[in-house]
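The data block below is coords-v6.txt; it holds compact mmCIF, C-alpha atoms and all ligand atoms.
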```txt
# COMPACT_ATOMS: atom_id res chain seq x y z
CA MET R 11 -1.81 -232.85 -135.43
CA SER R 12 -3.96 -233.85 -132.45
CA GLU R 13 -3.10 -233.20 -128.80
CA LEU R 14 -2.23 -236.87 -128.44
CA ASP R 15 0.38 -236.63 -131.20
CA ILE R 16 2.54 -234.24 -129.17
CA PRO R 17 5.04 -236.38 -127.22
CA GLU R 18 5.21 -235.30 -123.57
CA SER R 19 8.98 -235.76 -123.68
CA HIS R 20 9.28 -232.99 -126.27
CA PRO R 21 11.35 -230.15 -124.72
CA ARG R 22 8.71 -227.63 -125.85
CA TYR R 23 5.73 -229.81 -125.01
CA GLU R 24 3.77 -227.20 -123.10
CA SER R 25 4.28 -224.55 -125.71
CA LEU R 26 3.21 -226.89 -128.52
CA LEU R 27 0.16 -227.95 -126.53
CA THR R 28 -0.76 -224.32 -125.90
CA ARG R 29 -0.45 -223.43 -129.58
CA HIS R 30 -2.47 -226.44 -130.54
CA ARG R 31 -5.31 -225.58 -128.14
CA ILE R 32 -5.41 -221.95 -129.28
CA GLU R 33 -5.46 -222.96 -132.94
CA GLU R 34 -8.32 -225.34 -132.23
CA GLY R 35 -10.08 -222.58 -130.29
CA VAL R 36 -9.97 -220.33 -133.35
CA GLU R 37 -11.25 -223.15 -135.57
CA LYS R 38 -14.18 -223.76 -133.20
CA GLY R 39 -15.09 -220.07 -133.04
CA ILE R 40 -14.12 -219.82 -129.37
CA THR R 41 -10.96 -217.75 -129.67
CA SER R 42 -10.68 -214.56 -131.73
CA LYS R 43 -7.85 -213.92 -134.18
CA GLN R 44 -6.62 -211.28 -131.75
CA GLY R 45 -6.36 -214.11 -129.26
CA LEU R 46 -3.66 -215.64 -131.44
CA ILE R 47 -1.61 -212.47 -131.10
CA ALA R 48 -2.15 -212.39 -127.35
CA GLU R 49 -0.91 -215.98 -127.21
CA GLY R 50 2.29 -215.08 -129.07
CA ARG R 51 2.93 -212.21 -126.73
CA GLY R 52 2.40 -214.42 -123.72
CA GLU R 53 4.72 -217.11 -125.06
CA ALA R 54 7.59 -214.66 -125.33
CA PHE R 55 7.26 -213.74 -121.66
CA ASP R 56 6.90 -217.39 -120.69
CA TYR R 57 10.11 -218.25 -122.53
CA LEU R 58 11.91 -215.60 -120.49
CA LEU R 59 10.45 -217.00 -117.28
CA GLY R 60 11.93 -220.39 -118.16
CA GLU R 61 8.41 -221.76 -118.81
CA GLN R 62 7.99 -222.47 -115.12
CA THR R 63 6.03 -221.26 -112.14
CA ILE R 64 8.49 -219.06 -110.30
CA PRO R 65 8.32 -219.01 -106.46
CA SER R 66 6.61 -215.59 -106.29
CA ALA R 67 3.90 -216.85 -108.67
CA ASP R 68 3.40 -219.98 -106.61
CA GLU R 69 2.94 -217.82 -103.52
CA ALA R 70 0.46 -215.59 -105.37
CA GLU R 71 -1.44 -218.71 -106.47
CA ARG R 72 -1.69 -219.81 -102.84
CA VAL R 73 -2.97 -216.37 -101.85
CA ALA R 74 -5.49 -216.54 -104.71
CA ALA R 75 -6.69 -219.87 -103.29
CA ALA R 76 -7.12 -218.27 -99.85
CA HIS R 77 -9.14 -215.38 -101.32
CA LEU R 78 -11.40 -217.71 -103.29
CA LEU R 79 -12.01 -219.87 -100.21
CA LEU R 80 -12.87 -216.84 -98.05
CA ALA R 81 -15.04 -215.08 -100.65
CA ASP R 82 -18.83 -214.84 -100.33
CA HIS R 83 -19.41 -214.58 -104.05
CA PRO R 84 -16.34 -215.53 -106.10
CA VAL R 85 -16.49 -215.45 -109.91
CA LEU R 86 -14.05 -216.82 -112.49
CA SER R 87 -14.10 -214.74 -115.66
CA VAL R 88 -13.46 -216.60 -118.92
CA ASN R 89 -12.52 -215.21 -122.33
CA GLY R 90 -11.75 -216.93 -125.62
CA ASN R 91 -8.13 -217.80 -124.77
CA VAL R 92 -8.99 -219.08 -121.30
CA ALA R 93 -11.79 -221.26 -122.71
CA ALA R 94 -9.47 -222.74 -125.32
CA LEU R 95 -6.53 -223.32 -122.96
CA VAL R 96 -8.02 -224.43 -119.63
CA PRO R 97 -11.72 -225.27 -119.92
CA GLY R 98 -11.73 -228.39 -117.72
CA GLU R 99 -9.24 -226.88 -115.27
CA THR R 100 -11.45 -223.78 -114.87
CA VAL R 101 -14.52 -225.91 -114.21
CA GLU R 102 -12.58 -227.86 -111.57
CA LEU R 103 -11.41 -224.66 -109.85
CA ALA R 104 -14.99 -223.38 -109.83
CA GLU R 105 -16.17 -226.62 -108.25
CA VAL R 106 -13.61 -226.72 -105.44
CA THR R 107 -14.13 -223.05 -104.53
CA GLY R 108 -17.89 -222.76 -105.14
CA SER R 109 -17.20 -220.03 -107.71
CA ALA R 110 -19.46 -219.03 -110.56
CA ILE R 111 -18.06 -218.96 -114.11
CA GLU R 112 -18.86 -215.97 -116.31
CA VAL R 113 -17.92 -215.55 -119.96
CA ASN R 114 -16.62 -212.09 -120.69
CA LEU R 115 -15.31 -211.02 -124.05
CA PHE R 116 -13.40 -208.00 -125.25
CA ASN R 117 -14.95 -208.40 -128.69
CA ARG R 118 -18.37 -209.66 -127.71
CA THR R 119 -20.48 -211.43 -130.33
CA ASP R 120 -23.47 -213.65 -129.61
CA GLU R 121 -21.98 -216.53 -131.61
CA ARG R 122 -18.72 -216.51 -129.70
CA MET R 123 -20.48 -216.15 -126.33
CA ARG R 124 -22.65 -219.17 -127.18
CA ALA R 125 -19.70 -221.22 -128.49
CA ILE R 126 -17.74 -220.62 -125.28
CA VAL R 127 -20.70 -221.44 -123.02
CA ASP R 128 -21.24 -224.69 -124.98
CA HIS R 129 -17.53 -225.54 -124.80
CA LEU R 130 -17.46 -225.01 -121.01
CA GLU R 131 -20.62 -227.08 -120.60
CA ALA R 132 -19.02 -229.86 -122.62
CA HIS R 133 -16.26 -229.78 -119.98
CA GLY R 134 -18.72 -230.17 -117.12
CA ALA R 135 -19.78 -226.60 -116.28
CA ASP R 136 -23.35 -225.80 -115.43
CA ASP R 137 -25.07 -222.43 -115.10
CA VAL R 138 -22.35 -220.54 -116.99
CA LYS R 139 -23.05 -216.81 -116.69
CA GLY R 140 -22.51 -213.98 -119.13
CA LEU R 141 -25.37 -214.35 -121.57
CA SER R 142 -27.92 -212.19 -119.77
CA ALA R 143 -25.63 -209.13 -119.54
CA ASP R 144 -28.14 -207.29 -117.35
CA ALA R 145 -25.66 -205.01 -115.55
CA ARG R 146 -22.84 -202.63 -116.50
CA ILE R 147 -19.38 -201.96 -115.09
CA PRO R 148 -19.27 -198.18 -114.53
CA GLY R 149 -16.74 -196.19 -116.54
CA LEU R 150 -16.45 -198.46 -119.59
CA ASP R 151 -17.97 -198.15 -123.04
CA HIS R 152 -21.23 -200.03 -123.63
CA GLU R 153 -20.08 -203.37 -125.09
CA ARG R 154 -17.13 -203.94 -122.78
CA ALA R 155 -19.12 -202.93 -119.70
CA LYS R 156 -21.65 -205.77 -120.03
CA VAL R 157 -21.75 -208.27 -117.15
CA ASP R 158 -24.32 -210.40 -115.35
CA ARG R 159 -25.87 -208.86 -112.24
CA ASP R 160 -25.71 -212.12 -110.28
CA GLY R 161 -22.18 -212.79 -111.62
CA ILE R 162 -19.28 -210.36 -111.90
CA TYR R 163 -21.40 -207.33 -110.95
CA GLU R 164 -22.11 -208.66 -107.48
CA ALA R 165 -18.89 -210.61 -106.98
CA ASP R 166 -16.58 -209.78 -104.09
CA VAL R 167 -13.59 -211.71 -105.52
CA VAL R 168 -12.99 -212.07 -109.26
CA LEU R 169 -10.35 -214.09 -111.05
CA VAL R 170 -9.66 -212.32 -114.33
CA PRO R 171 -7.07 -214.11 -116.44
CA LEU R 172 -5.69 -212.25 -119.46
CA GLU R 173 -7.89 -209.23 -118.78
CA ASP R 174 -7.35 -205.95 -120.58
CA GLY R 175 -6.05 -203.07 -118.49
CA ASP R 176 -9.14 -200.84 -118.69
CA ARG R 177 -11.52 -203.46 -117.46
CA ALA R 178 -9.14 -204.55 -114.73
CA GLU R 179 -8.97 -200.96 -113.49
CA ALA R 180 -12.74 -200.47 -113.69
CA LEU R 181 -13.38 -203.68 -111.72
CA ALA R 182 -10.86 -202.67 -109.08
CA GLU R 183 -12.61 -199.30 -108.78
CA MET R 184 -15.85 -201.15 -108.04
CA GLY R 185 -14.08 -202.39 -104.92
CA LYS R 186 -13.64 -205.99 -106.02
CA THR R 187 -10.68 -208.06 -104.96
CA GLU R 188 -9.06 -208.82 -108.24
CA ILE R 189 -6.86 -211.82 -108.95
CA VAL R 190 -5.14 -211.40 -112.32
CA ILE R 191 -3.24 -214.05 -114.28
CA ASP R 192 -1.04 -212.56 -116.98
CA LEU R 193 2.46 -213.40 -118.19
CA ASN R 194 3.34 -209.74 -118.75
CA PRO R 195 4.44 -208.25 -115.40
CA LEU R 196 4.20 -204.75 -116.88
CA SER R 197 0.59 -205.03 -118.05
CA ARG R 198 -1.80 -202.62 -116.38
CA SER R 199 -3.98 -205.46 -115.20
CA VAL R 200 -1.07 -206.97 -113.26
CA GLN R 201 -0.21 -203.56 -111.80
CA THR R 202 -3.83 -203.05 -110.68
CA ALA R 203 -4.47 -206.47 -109.17
CA ALA R 204 -4.74 -207.22 -105.47
CA VAL R 205 -3.16 -210.56 -106.40
CA PRO R 206 -1.02 -210.46 -109.55
CA ILE R 207 -0.06 -213.91 -110.83
CA VAL R 208 2.66 -213.77 -113.47
CA ASP R 209 2.47 -217.30 -114.80
CA ASN R 210 1.07 -219.24 -117.74
CA ILE R 211 -2.62 -219.86 -117.22
CA ILE R 212 -2.01 -223.48 -118.17
CA ARG R 213 0.11 -223.90 -115.02
CA ALA R 214 -1.59 -221.30 -112.82
CA VAL R 215 -5.17 -222.57 -112.74
CA PRO R 216 -4.36 -226.19 -111.76
CA ASN R 217 -1.87 -224.90 -109.19
CA ILE R 218 -4.50 -222.64 -107.57
CA THR R 219 -6.76 -225.71 -107.38
CA ALA R 220 -3.96 -227.70 -105.73
CA HIS R 221 -3.53 -224.92 -103.14
CA VAL R 222 -7.29 -224.82 -102.53
CA ARG R 223 -7.19 -228.54 -101.73
CA GLU R 224 -4.20 -228.08 -99.44
CA LEU R 225 -5.92 -225.17 -97.62
CA ALA R 226 -9.40 -226.67 -97.52
CA ASP R 227 -9.30 -227.37 -93.75
CA SER R 228 -7.77 -224.02 -92.77
CA SER R 229 -9.74 -221.66 -90.55
CA ASP R 230 -10.84 -218.24 -91.81
CA GLY R 231 -8.19 -216.71 -89.55
CA GLU R 232 -5.44 -218.81 -91.12
CA LEU R 233 -6.60 -217.92 -94.62
CA GLN R 234 -6.67 -214.24 -93.68
CA GLU R 235 -3.10 -214.49 -92.37
CA ILE R 236 -1.92 -215.86 -95.73
CA ILE R 237 -3.65 -212.95 -97.46
CA ASP R 238 -2.26 -210.32 -95.08
CA ALA R 239 1.31 -211.57 -95.47
CA PHE R 240 1.21 -211.09 -99.25
CA ASP R 241 2.79 -208.08 -100.94
CA ALA R 242 1.45 -207.58 -104.48
CA GLU R 243 4.17 -205.13 -105.49
CA GLU R 244 6.87 -207.54 -104.37
CA ALA R 245 5.34 -210.34 -106.46
CA GLN R 246 5.17 -208.10 -109.52
CA THR R 247 8.79 -206.95 -109.03
CA ALA R 248 10.05 -210.51 -108.55
CA ALA R 249 8.54 -211.54 -111.89
CA GLU R 250 9.84 -208.45 -113.66
CA ASN R 251 13.34 -209.02 -112.26
CA ARG R 252 13.32 -212.65 -113.35
CA ILE R 253 12.43 -211.68 -116.90
CA ARG R 254 14.87 -208.78 -117.09
CA SER R 255 17.77 -210.74 -115.60
CA GLY R 256 17.54 -213.32 -118.38
CA ARG R 257 18.47 -216.15 -116.03
CA LEU R 258 16.78 -219.30 -117.26
CA ASP R 259 17.16 -221.36 -114.11
P1 LIG W 301 -2.41 -204.19 -121.07
O1 LIG W 301 -2.83 -204.98 -119.85
O2 LIG W 301 -1.04 -203.63 -120.92
O3 LIG W 301 -3.49 -203.22 -121.51
P2 LIG W 301 -3.19 -205.70 -123.39
O4 LIG W 301 -4.54 -206.05 -122.84
O5 LIG W 301 -3.08 -204.74 -124.48
O6 LIG W 301 -2.22 -205.31 -122.21
P3 LIG W 301 -3.04 -208.12 -124.89
O7 LIG W 301 -1.92 -208.51 -125.76
O8 LIG W 301 -4.35 -207.77 -125.50
O9 LIG W 301 -2.50 -207.04 -123.88
O10 LIG W 301 -3.40 -209.21 -123.82
C1 LIG W 301 -2.82 -210.40 -123.77
C2 LIG W 301 -2.10 -210.58 -122.47
O11 LIG W 301 -2.29 -211.91 -122.09
C3 LIG W 301 -0.61 -210.35 -122.64
O12 LIG W 301 -0.14 -209.53 -121.61
C4 LIG W 301 -0.01 -211.76 -122.53
O13 LIG W 301 1.20 -211.74 -121.82
C5 LIG W 301 -1.05 -212.49 -121.73
N1 LIG W 301 -1.11 -213.94 -122.06
C6 LIG W 301 -1.24 -214.52 -123.27
N2 LIG W 301 -1.27 -215.86 -123.19
C7 LIG W 301 -1.17 -216.15 -121.85
C8 LIG W 301 -1.16 -217.37 -121.10
N3 LIG W 301 -1.23 -218.57 -121.71
N4 LIG W 301 -1.07 -217.28 -119.77
C9 LIG W 301 -1.00 -216.08 -119.15
N5 LIG W 301 -0.99 -214.89 -119.80
C10 LIG W 301 -1.08 -214.92 -121.13
```
Let me see the structure of the file written as structure tokens.
Amino acid sequence: MSELDIPESHPRYESLLTRHRIEEGVEKGITSKQGLIAEGRGEAFDYLLGEQTIPSADEAERVAAAHLLLADHPVLSVNGNVAALVPGETVELAEVTGSAIEVNLFNRTDERMRAIVDHLEAHGADDVKGLSADARIPGLDHERAKVDRDGIYEADVVLVPLEDGDRAEALAEMGKTEIVIDLNPLSRSVQTAAVPIVDNIIRAVPNITAHVRELADSSDGELQEIIDAFDAEEAQTAAENRIRSGRLD
């Protein structure tokens, strides 16, 4: 089945599209088999959220936009699931915010790194980082610590979708402002983030871009006010309550 064969009127359109993209990602050597499991886990949470961007997530996405606009050196981190699900959307967000894109894998292999860089370039990215791996995140084992010096290592704001808890904690300890996108409100990465976004990455990334466009003419002071008014714990709790309450409205 191709993407075009999925009718948009199908009640589970988004979920079918997501599965299709992940499956294709595995076939192309972009997504790992573990990525399939991560996808299944995410889908379960998304079902319980009503497969929609809840108001607290929308607010967090607006705050993420403000951080990316104010940052000196913002970086969007991309793994195999992100590359399969939102390649073009990630390139667009990088363009409107002046962010760098860096590929970062939990199970790093040269083939997969290359395949993801090529895939992002095919979607319009240039100068994708991650291949030089000339710096290390302190406190992590060798392979998972690898980053680019002029990318994540020197970033002040990093968007890390679907990041594992250890790396999220290590990046936060380096003093970076971390924006996390993850459907599991209990994951350690969400609990660690300055801006936790509990939403499907398929909805979250384009919505951050929409907020960036809406905020493009705001002053630094106005952006800072949006950031200061945000309460990360409240956003995390709102998502957890929505999932636990089982209300699908
Ligand atoms: P922890 O953060 O608790 O250490 P983990 O890293 O062990 O969790 P994994 O299953 O490896 O968890 O990571 C996958 C995470 O990505 C899950 O929390 C899942 O909810 C989330 N996820 C999967 N697909 C999506 C998606 N499309 N959008 C947003 N989040 C997703």
Env. residues ligand LIG 301 (chain W) / 8 Å / all atoms listed in the file / as a tab-separated table (two decimals) with C-alpha atoms, in the coordinates of the input:
```tsv
chain	number	residue	atom	x	y	z
R	28	THR	CA	-0.76	-224.32	-125.90
R	44	GLN	CA	-6.62	-211.28	-131.75
R	45	GLY	CA	-6.36	-214.11	-129.26
R	47	ILE	CA	-1.61	-212.47	-131.10
R	48	ALA	CA	-2.15	-212.39	-127.35
R	49	GLU	CA	-0.91	-215.98	-127.21
R	50	GLY	CA	2.29	-215.08	-129.07
R	51	ARG	CA	2.93	-212.21	-126.73
R	52	GLY	CA	2.40	-214.42	-123.72
R	53	GLU	CA	4.72	-217.11	-125.06
R	54	ALA	CA	7.59	-214.66	-125.33
R	55	PHE	CA	7.26	-213.74	-121.66
R	91	ASN	CA	-8.13	-217.80	-124.77
R	92	VAL	CA	-8.99	-219.08	-121.30
R	95	LEU	CA	-6.53	-223.32	-122.96
R	171	PRO	CA	-7.07	-214.11	-116.44
R	172	LEU	CA	-5.69	-212.25	-119.46
R	173	GLU	CA	-7.89	-209.23	-118.78
R	174	ASP	CA	-7.35	-205.95	-120.58
R	175	GLY	CA	-6.05	-203.07	-118.49
R	176	ASP	CA	-9.14	-200.84	-118.69
R	191	ILE	CA	-3.24	-214.05	-114.28
R	192	ASP	CA	-1.04	-212.56	-116.98
R	193	LEU	CA	2.46	-213.40	-118.19
R	194	ASN	CA	3.34	-209.74	-118.75
R	195	PRO	CA	4.44	-208.25	-115.40
R	196	LEU	CA	4.20	-204.75	-116.88
R	197	SER	CA	0.59	-205.03	-118.05
R	198	ARG	CA	-1.80	-202.62	-116.38
R	199	SER	CA	-3.98	-205.46	-115.20
R	200	VAL	CA	-1.07	-206.97	-113.26
R	208	VAL	CA	2.66	-213.77	-113.47
R	209	ASP	CA	2.47	-217.30	-114.80
R	210	ASN	CA	1.07	-219.24	-117.74
R	211	ILE	CA	-2.62	-219.86	-117.22
R	212	ILE	CA	-2.01	-223.48	-118.17
```
**Prompt:** What lies within 10 Å of Asn217 of chain R using all atoms listed in the file, ignoring chain neighbours under 5 positions off, as a ChimeraX atom specification?
**Reply:** /R:63,67-68,71-72,75,99,103,211-212,222-223
**Item:** Spatial neighbours of Asn117 of chain R, 10 Å, all atoms listed in the file, chain gap at least 6 places, as a PyMOL selection string
**Value:** chain R and resi 42+44+89-90+123+153-154
Determine, using all atoms listed in the file, which residues of segment 158-234 of chain R have any atom at most 12 Å from an atom of segment 135-140 of chain R, and tabulate each with its shortest atom pair and distance in Å to one decimal place, rows ordered by chain and then rising number, as JSON lines.
```
{"residue": "R:Asp158", "atom": "CA", "partner": "R:Gly140", "partner_atom": "CA", "distance": 5.5}
{"residue": "R:Arg159", "atom": "CA", "partner": "R:Gly140", "partner_atom": "CA", "distance": 9.2}
{"residue": "R:Asp160", "atom": "CA", "partner": "R:Lys139", "partner_atom": "CA", "distance": 8.4}
{"residue": "R:Gly161", "atom": "CA", "partner": "R:Lys139", "partner_atom": "CA", "distance": 6.5}
{"residue": "R:Ile162", "atom": "CA", "partner": "R:Gly140", "partner_atom": "CA", "distance": 8.7}
{"residue": "R:Tyr163", "atom": "CA", "partner": "R:Gly140", "partner_atom": "CA", "distance": 10.6}
```
**Asked** Hey, can you check how far atom CA of Leu58 of chain R sits from atom CA of Arg29 of chain R?
**Response**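 The value is 17.2 Å.
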**Message:** Using Å and a single decimal, report how far atom CA of His83 of chain R sits from atom CA of Asp144 of chain R.
**Reply:**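 The value is 17.5 Å.
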Can you tell me, as JSON, the centre and edge lengths (Å, one decimal) of the axis-aligned box enclosing all of segment 76-81 of chain R's listed atoms after padding each side by 6 Å?
```
{"center_x": -11.1, "center_y": -217.5, "center_z": -100.7, "size_x": 19.9, "size_y": 16.8, "size_z": 17.2}
```
**Item:** d(atom CA of Ala178 of chain R, atom CA of Gln62 of chain R) in Å
**Value:**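 Value for the atom CA of Ala178 of chain R-atom CA of Gln62 of chain R distance: 24.8 Å.
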**Message:** I'd like to know which of R:Ala226, R:Leu181, R:Ile253, R:Ala165 is closest to Ala76 of chain R, using all atoms listed in the file.
**Reply:**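 Looking only at the distances to Ala76 of chain R, the closest residue turns out to be R:Ala226.
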**Message:** At a cut-off of 9 Å around the point (-6.8, -215.4, -95.6) (file coordinates), what residues fall inside when counting all atoms listed in the file? I'd like the answer as a list in words.
**Reply:** Val73, Ala75, Ala76, His77, Leu79, Leu80, Ser229, Asp230, Gly231, Glu232, Leu233, Gln234, Glu235, Ile236, Ile237, Asp238 and Ala239 of chain R
**Complete:** From the list R:Asp56, R:Asp15, R:Glu34, R:Glu164, the nearest residue to Ala249 of chain R using only C-alpha atoms is R:Asp56
**Request:** Identify which of the residues R:Leu115, R:Val127, R:Val85, R:Ala132 lies closest to Arg177 of chain R, counting all atoms listed in the file when measuring atom-to-atom distances.
**Result:**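 Result for the nearest residue to Arg177 of chain R: R:Leu115.
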Please rebuild segment 138-163 of chain R with N, CA and C atoms and return the result as a short mmCIF file (atom, residue, chain, number, x, y, z; two decimals), keeping the file's coordinate frame.
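Writing done, so here's out-v1.cif:
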```cif
data_model
loop_
_atom_site.label_atom_id
_atom_site.label_comp_id
_atom_site.auth_asym_id
_atom_site.auth_seq_id
_atom_site.Cartn_x
_atom_site.Cartn_y
_atom_site.Cartn_z
N VAL R 138 -23.39 -221.50 -116.61
CA VAL R 138 -22.35 -220.54 -116.99
C VAL R 138 -23.02 -219.18 -117.20
N LYS R 139 -22.45 -218.14 -116.59
CA LYS R 139 -23.05 -216.81 -116.69
C LYS R 139 -22.44 -216.00 -117.83
N GLY R 140 -23.05 -214.87 -118.11
CA GLY R 140 -22.51 -213.98 -119.13
C GLY R 140 -23.48 -213.67 -120.24
N LEU R 141 -24.46 -214.55 -120.44
CA LEU R 141 -25.37 -214.35 -121.57
C LEU R 141 -26.45 -213.29 -121.28
N SER R 142 -26.83 -213.15 -120.01
CA SER R 142 -27.92 -212.19 -119.77
C SER R 142 -27.44 -210.75 -119.82
N ALA R 143 -26.21 -210.47 -119.42
CA ALA R 143 -25.63 -209.13 -119.54
C ALA R 143 -26.60 -208.04 -119.07
N ASP R 144 -27.13 -208.21 -117.86
CA ASP R 144 -28.14 -207.29 -117.35
C ASP R 144 -27.58 -206.24 -116.38
N ALA R 145 -26.26 -206.07 -116.37
CA ALA R 145 -25.66 -205.01 -115.55
C ALA R 145 -24.45 -204.44 -116.29
N ARG R 146 -23.97 -203.29 -115.83
CA ARG R 146 -22.84 -202.63 -116.50
C ARG R 146 -21.75 -202.27 -115.49
N ILE R 147 -20.50 -202.43 -115.91
CA ILE R 147 -19.38 -201.96 -115.09
C ILE R 147 -19.27 -200.44 -115.34
N PRO R 148 -19.34 -199.63 -114.30
CA PRO R 148 -19.27 -198.18 -114.53
C PRO R 148 -17.93 -197.77 -115.14
N GLY R 149 -17.97 -196.78 -116.01
CA GLY R 149 -16.74 -196.19 -116.54
C GLY R 149 -16.20 -196.85 -117.79
N LEU R 150 -16.92 -197.81 -118.35
CA LEU R 150 -16.45 -198.46 -119.59
C LEU R 150 -17.47 -198.23 -120.70
N ASP R 151 -17.02 -198.32 -121.95
CA ASP R 151 -17.97 -198.15 -123.04
C ASP R 151 -18.93 -199.36 -123.07
N HIS R 152 -20.08 -199.14 -123.72
CA HIS R 152 -21.23 -200.03 -123.63
C HIS R 152 -20.89 -201.53 -123.74
N GLU R 153 -20.28 -201.93 -124.84
CA GLU R 153 -20.08 -203.37 -125.09
C GLU R 153 -19.18 -204.01 -124.04
N ARG R 154 -18.09 -203.34 -123.70
CA ARG R 154 -17.13 -203.94 -122.78
C ARG R 154 -17.56 -203.86 -121.33
N ALA R 155 -18.64 -203.09 -121.08
CA ALA R 155 -19.12 -202.93 -119.70
C ALA R 155 -20.10 -204.02 -119.31
N LYS R 156 -20.57 -204.80 -120.30
CA LYS R 156 -21.65 -205.77 -120.03
C LYS R 156 -21.21 -206.91 -119.11
N VAL R 157 -21.98 -207.11 -118.04
CA VAL R 157 -21.75 -208.27 -117.15
C VAL R 157 -23.11 -208.75 -116.63
N ASP R 158 -23.09 -209.91 -115.97
CA ASP R 158 -24.32 -210.40 -115.35
C ASP R 158 -24.44 -209.84 -113.93
N ARG R 159 -25.67 -209.43 -113.58
CA ARG R 159 -25.87 -208.86 -112.24
C ARG R 159 -25.53 -209.87 -111.15
N ASP R 160 -25.98 -211.13 -111.34
CA ASP R 160 -25.71 -212.12 -110.28
C ASP R 160 -24.35 -212.81 -110.49
N GLY R 161 -23.53 -212.25 -111.37
CA GLY R 161 -22.18 -212.79 -111.62
C GLY R 161 -21.15 -211.75 -111.22
N ILE R 162 -20.38 -211.28 -112.20
CA ILE R 162 -19.28 -210.36 -111.90
C ILE R 162 -19.76 -209.09 -111.17
N TYR R 163 -20.94 -208.59 -111.55
CA TYR R 163 -21.40 -207.33 -110.95
C TYR R 163 -21.47 -207.42 -109.43
#
```
